[in-house]
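Comments concern the structure below.
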Amino acid sequence: VPEIAGSHHEKWDGQGYPGGLSDEAIPLGGRILAVADSFSAMLQDRPYRSGMDFDTASDEIRANIGSQFDPQVVHAFLACRNLIRGNLGRLHMTE
């Protein structure tokens, strides 16, 4: 679990942190969490912006294939879009 939490800010293209890891050097769990965490953050209101709607957030994930996100993880996420959309209320964690 520490390697997942510690690697989810790495980017597929190596421009992330803390280690500047790229592609498959990033643990798979970190690559998955990067997509999930980013998507969740995009949906939520922040003091400086309103949350995005589901489709806009999905499009933003798609737009970052190969730069921020692992292409295979994004394709799996997009393949599950309808399932995620249908269960978002149950999946969404509150603070």
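Please note that chains go A, B, ... in the order of the structure tokens, that every chain numbers its residues from 1, and that ligands are numbered from 1 in the order shown.
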Could you pull the residues within 7 Å of range 21-31 of chain A, counting only C-alpha atoms, minus those fewer than 3 positions along the same chain, as an NGL selection string? :A and (4-5 or 7-8 or 10-14 or 34-35 or 69-70)
With range 79-86 of chain A as the partner and 12 Å as the cut-off, tabulate the residues of range 29-74 of chain A that qualify, each row holding the nearest pair of atoms and their distance in Å to one decimal, using only C-alpha atoms, sorted by chain and rising number, as CSV.
```
residue,atom,partner,partner_atom,distance
A:Ala36,CA,A:Ile84,CA,10.7
A:Phe39,CA,A:Ile84,CA,11.0
A:Ser40,CA,A:Ile84,CA,11.2
A:Leu43,CA,A:Arg85,CA,11.7
A:Asp53,CA,A:Arg85,CA,10.8
A:Phe54,CA,A:Arg85,CA,7.5
A:Asp55,CA,A:Arg81,CA,9.3
A:Ala57,CA,A:Arg81,CA,11.1
A:Ser58,CA,A:Arg81,CA,8.2
A:Asp59,CA,A:Arg81,CA,11.1
A:Ile61,CA,A:Arg81,CA,11.5
A:Arg62,CA,A:Ala79,CA,11.6
A:Gln72,CA,A:Ala79,CA,10.5
A:Val73,CA,A:Ala79,CA,9.8
A:Val74,CA,A:Ala79,CA,8.5
```
Keeping only all heavy atoms, write the selected residues as a compact mmCIF listing (two decimals), in the first residue's frame.
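And here's selection-v1.txt as it stands now:
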```txt
# COMPACT_ATOMS: atom_id res chain seq x y z
N ALA A 36 -8.03 7.22 -10.77
CA ALA A 36 -9.17 7.28 -9.85
C ALA A 36 -9.16 8.55 -9.02
O ALA A 36 -10.20 9.23 -8.88
CB ALA A 36 -9.19 6.05 -8.94
N PHE A 39 -9.83 11.66 -11.25
CA PHE A 39 -11.23 11.70 -11.65
C PHE A 39 -12.11 12.16 -10.49
O PHE A 39 -12.95 13.05 -10.64
CB PHE A 39 -11.68 10.32 -12.16
CG PHE A 39 -13.07 10.31 -12.70
CD1 PHE A 39 -13.37 10.93 -13.90
CD2 PHE A 39 -14.08 9.66 -12.02
CE1 PHE A 39 -14.67 10.92 -14.40
CE2 PHE A 39 -15.37 9.64 -12.51
CZ PHE A 39 -15.67 10.27 -13.71
N SER A 40 -11.88 11.60 -9.33
CA SER A 40 -12.65 11.99 -8.15
C SER A 40 -12.46 13.48 -7.84
O SER A 40 -13.42 14.19 -7.56
CB SER A 40 -12.23 11.14 -6.95
OG SER A 40 -12.89 11.56 -5.78
N LEU A 43 -14.43 15.81 -10.11
CA LEU A 43 -15.88 15.85 -9.87
C LEU A 43 -16.26 16.72 -8.68
O LEU A 43 -17.39 17.20 -8.60
CB LEU A 43 -16.41 14.43 -9.63
CG LEU A 43 -16.31 13.45 -10.78
CD1 LEU A 43 -16.80 12.08 -10.34
CD2 LEU A 43 -17.07 13.92 -12.01
N ASP A 53 -18.64 18.05 -14.56
CA ASP A 53 -19.62 16.98 -14.73
C ASP A 53 -18.88 15.71 -15.17
O ASP A 53 -17.71 15.75 -15.55
CB ASP A 53 -20.71 17.38 -15.72
CG ASP A 53 -20.20 17.59 -17.13
OD1 ASP A 53 -19.77 16.60 -17.77
OD2 ASP A 53 -20.21 18.75 -17.60
N PHE A 54 -19.56 14.60 -15.08
CA PHE A 54 -18.97 13.29 -15.34
C PHE A 54 -18.30 13.22 -16.71
O PHE A 54 -17.16 12.76 -16.82
CB PHE A 54 -20.07 12.22 -15.23
CG PHE A 54 -19.57 10.81 -15.28
CD1 PHE A 54 -19.28 10.13 -14.11
CD2 PHE A 54 -19.39 10.16 -16.48
CE1 PHE A 54 -18.81 8.82 -14.14
CE2 PHE A 54 -18.92 8.85 -16.53
CZ PHE A 54 -18.63 8.18 -15.35
N ASP A 55 -18.99 13.67 -17.75
CA ASP A 55 -18.44 13.56 -19.10
C ASP A 55 -17.23 14.46 -19.31
O ASP A 55 -16.26 14.05 -19.96
CB ASP A 55 -19.52 13.87 -20.14
CG ASP A 55 -20.59 12.78 -20.18
OD1 ASP A 55 -20.27 11.60 -19.98
OD2 ASP A 55 -21.77 13.13 -20.41
N ALA A 57 -15.10 15.44 -16.98
CA ALA A 57 -13.99 14.82 -16.25
C ALA A 57 -13.45 13.60 -17.00
O ALA A 57 -12.23 13.41 -17.09
CB ALA A 57 -14.44 14.43 -14.84
N SER A 58 -14.35 12.81 -17.58
CA SER A 58 -13.91 11.65 -18.38
C SER A 58 -13.09 12.10 -19.58
O SER A 58 -12.06 11.50 -19.91
CB SER A 58 -15.12 10.85 -18.86
OG SER A 58 -15.82 10.29 -17.79
N ASP A 59 -13.53 13.18 -20.23
CA ASP A 59 -12.79 13.71 -21.38
C ASP A 59 -11.41 14.21 -20.96
O ASP A 59 -10.44 14.06 -21.71
CB ASP A 59 -13.58 14.85 -22.04
CG ASP A 59 -14.82 14.36 -22.76
OD1 ASP A 59 -14.96 13.14 -23.03
OD2 ASP A 59 -15.69 15.22 -23.06
N ILE A 61 -9.58 13.03 -18.47
CA ILE A 61 -8.76 11.82 -18.28
C ILE A 61 -8.27 11.33 -19.64
O ILE A 61 -7.08 11.06 -19.83
CB ILE A 61 -9.54 10.70 -17.54
CG1 ILE A 61 -9.91 11.13 -16.11
CG2 ILE A 61 -8.79 9.38 -17.58
CD1 ILE A 61 -8.76 11.25 -15.14
N ARG A 62 -9.18 11.25 -20.59
CA ARG A 62 -8.84 10.78 -21.95
C ARG A 62 -7.79 11.69 -22.59
O ARG A 62 -6.87 11.22 -23.26
CB ARG A 62 -10.09 10.74 -22.83
CG ARG A 62 -9.82 10.22 -24.24
CD ARG A 62 -11.04 10.25 -25.15
NE ARG A 62 -12.08 9.36 -24.68
CZ ARG A 62 -13.27 9.77 -24.20
NH1 ARG A 62 -13.57 11.05 -24.12
NH2 ARG A 62 -14.17 8.89 -23.80
N GLN A 72 -3.22 2.06 -20.93
CA GLN A 72 -4.02 0.86 -20.66
C GLN A 72 -4.97 1.08 -19.49
O GLN A 72 -6.10 0.60 -19.51
CB GLN A 72 -3.12 -0.35 -20.39
CG GLN A 72 -2.40 -0.82 -21.62
CD GLN A 72 -1.59 -2.08 -21.37
OE1 GLN A 72 -1.59 -2.65 -20.28
NE2 GLN A 72 -0.89 -2.52 -22.40
N VAL A 73 -4.52 1.81 -18.47
CA VAL A 73 -5.39 2.10 -17.32
C VAL A 73 -6.53 3.00 -17.75
O VAL A 73 -7.69 2.78 -17.36
CB VAL A 73 -4.58 2.71 -16.16
CG1 VAL A 73 -5.49 3.19 -15.04
CG2 VAL A 73 -3.56 1.70 -15.62
N VAL A 74 -6.25 4.00 -18.57
CA VAL A 74 -7.31 4.89 -19.05
C VAL A 74 -8.31 4.12 -19.91
O VAL A 74 -9.52 4.30 -19.75
CB VAL A 74 -6.73 6.09 -19.82
CG1 VAL A 74 -7.86 6.92 -20.47
CG2 VAL A 74 -5.90 6.97 -18.89
```
Have a look at CA of Gly51 in chain A and CA of Gln68 in chain A and let me know their distance in Å, one decimal.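 Separation of CA of Gly51 in chain A and CA of Gln68 in chain A: 19.9 Å.
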Of the candidates A:Ala63, A:Met52, A:Val1, A:Met42, which one gets nearest to Leu78 in chain A if we count only C-alpha atoms?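 Counting only C-alpha atoms, the residue closest to Leu78 in chain A is A:Ala63.
Closest to Gln15 in chain A among A:Asn87, A:Pro2, A:Ser67, A:Ile32 is A:Ser67, based on only C-alpha atoms.
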Hey, what does DSSP flag as alpha helix (DSSP H) within chain A? Can you give it to me as a PyMOL selection string? chain A and resi 2-7+28-43+54-63+71-79+81-91
Just the selected residues (C-alpha atoms), exported as a CSV table (one decimal), in the first residue's frame, please.
```csv
chain,number,residue,atom,x,y,z
A,2,PRO,CA,2.8,2.6,0.7
A,3,GLU,CA,4.2,2.1,-2.8
A,4,ILE,CA,0.7,2.8,-4.3
A,5,ALA,CA,0.2,6.0,-2.2
A,6,GLY,CA,3.7,7.1,-2.8
A,7,SER,CA,3.6,6.7,-6.6
A,28,LEU,CA,0.4,-0.6,-11.3
A,29,GLY,CA,-1.5,0.3,-8.2
A,30,GLY,CA,-0.1,3.9,-8.4
A,31,ARG,CA,-1.1,4.2,-12.1
A,32,ILE,CA,-4.6,3.0,-11.3
A,33,LEU,CA,-4.9,5.3,-8.2
A,34,ALA,CA,-3.7,8.3,-10.3
A,35,VAL,CA,-6.7,7.9,-12.6
A,36,ALA,CA,-9.2,7.3,-9.9
A,37,ASP,CA,-7.9,10.1,-7.6
A,38,SER,CA,-7.7,12.6,-10.5
A,39,PHE,CA,-11.2,11.7,-11.7
A,40,SER,CA,-12.7,12.0,-8.2
A,41,ALA,CA,-10.9,15.4,-7.6
A,42,MET,CA,-12.3,16.7,-10.9
A,43,LEU,CA,-15.9,15.8,-9.9
A,54,PHE,CA,-19.0,13.3,-15.3
A,55,ASP,CA,-18.4,13.6,-19.1
A,56,THR,CA,-16.1,16.6,-18.9
A,57,ALA,CA,-14.0,14.8,-16.2
A,58,SER,CA,-13.9,11.6,-18.4
A,59,ASP,CA,-12.8,13.7,-21.4
A,60,GLU,CA,-10.0,15.3,-19.3
A,61,ILE,CA,-8.8,11.8,-18.3
A,62,ARG,CA,-8.8,10.8,-22.0
A,63,ALA,CA,-7.0,14.0,-23.0
A,71,PRO,CA,-2.9,4.4,-21.7
A,72,GLN,CA,-4.0,0.9,-20.7
A,73,VAL,CA,-5.4,2.1,-17.3
A,74,VAL,CA,-7.3,4.9,-19.0
A,75,HIS,CA,-8.8,2.5,-21.6
A,76,ALA,CA,-9.9,0.2,-18.8
A,77,PHE,CA,-11.4,3.2,-17.0
A,78,LEU,CA,-13.3,4.3,-20.1
A,79,ALA,CA,-14.5,0.8,-20.7
A,81,ARG,CA,-17.6,4.4,-17.6
A,82,ASN,CA,-21.2,3.3,-17.5
A,83,LEU,CA,-20.7,1.1,-14.5
A,84,ILE,CA,-18.9,3.9,-12.7
A,85,ARG,CA,-21.6,6.4,-13.7
A,86,GLY,CA,-24.3,4.1,-12.4
A,87,ASN,CA,-22.6,3.5,-9.1
A,88,LEU,CA,-21.1,6.9,-8.5
A,89,GLY,CA,-23.3,7.8,-5.6
A,90,ARG,CA,-22.2,4.6,-3.8
A,91,LEU,CA,-18.6,4.9,-4.8
```
Strand (DSSP E or B) call set, DSSP backbone run, chain A, as an MDAnalysis selection string: chainID A and resid 46 49 65 69
